[in-house]
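What follows is a set of notes on a single structure, which appears directly below.
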Amino acid sequence: MPNTASAKKELRKSKKRQMRNKKTQDNLKDLIKKCRKAIETKDPKAKELVEKTLRALDKAAGKGIIKKNTNNRKKSRLHKKLNQSLKK
């Protein structure tokens with residue numbers, strides 16, 4: 001338990017940030033799942049969904065919610081799946 005006023009305020013700030021980051025991470029997870037499902041079912045809107053997901057990934061990486069390399073890896077895998085499904 002924090003003792004000083006500044007420590008108490010820092011605890012409140014960190015809890016708010018944690019909730020905001022968790023919400024963004026959950027949103028990313030949902031978007032990625034929807035993308036994969038759309039690609040597998042060859043949905044015509046898959047490309048738009050992938051673009052939306054890539055923007056969300058970049059935004060999260062820019063804010064430091066996910067690491068830069070994690071962002072690049074997830075983007076690469078999504079592009080790869082999309083391109084493979086478009087070839088077939």
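Chain labels A, B, ... are given in the sequence in which chains occur in the structure tokens; within each chain residues are numbered consecutively from 1, and ligands are likewise numbered from 1 in the order shown.
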Using DSSP on the backbone, list every residue of chain A that comes out as alpha helix (DSSP H), and give them as a VMD selection string.
chain A and resid 5 to 40 46 to 63 68 to 87
Excluding segment 34-39 of chain A and residues on its chain fewer than 5 positions from it, collect all residues at most 8 Å away from it, counting only C-alpha atoms, and give them as a list in words.
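The contact residues come out as Lys45, Ala46, Leu49, Val50, Thr53, Leu78, Lys81, Leu82 and Ser85 of chain A.
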Shell of 12 Å around Asp58 of chain A, only C-alpha atoms, local chain residues under 3 positions omitted, as an MDAnalysis selection string:
chainID A and resid 24 28 51:55 61:75
My list of candidates is A:Met1, A:Leu11, A:Ala56, A:Gln18. Which is closest to Asp30 of chain A when distances are computed with only C-alpha atoms?
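Using only C-alpha atoms, the shortest distance to Asp30 of chain A belongs to A:Ala56.
Put simply, atom CA of Gln25 of chain A is 24.3 Å away from atom CA of Lys9 of chain A.
Note that atom CA of Ser14 of chain A and atom CA of Lys59 of chain A are 20.1 Å apart.
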Just checking: using only C-alpha atoms, which residue out of A:Leu57, A:Lys42, A:Thr4, A:Arg12 ends up closest to Asp26 of chain A?
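Ranking A:Leu57, A:Lys42, A:Thr4, A:Arg12 by distance to Asp26 of chain A, first place goes to A:Leu57.
Interatomic distance, atom CA of Arg17 of chain A against atom CA of Lys33 of chain A: 24.4 Å.
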Shortest interatomic distance to Lys22 of chain A - which of A:Ala60, A:Ala5, A:Glu10, A:Lys87, counting only C-alpha atoms:
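Closest candidate: A:Ala60.
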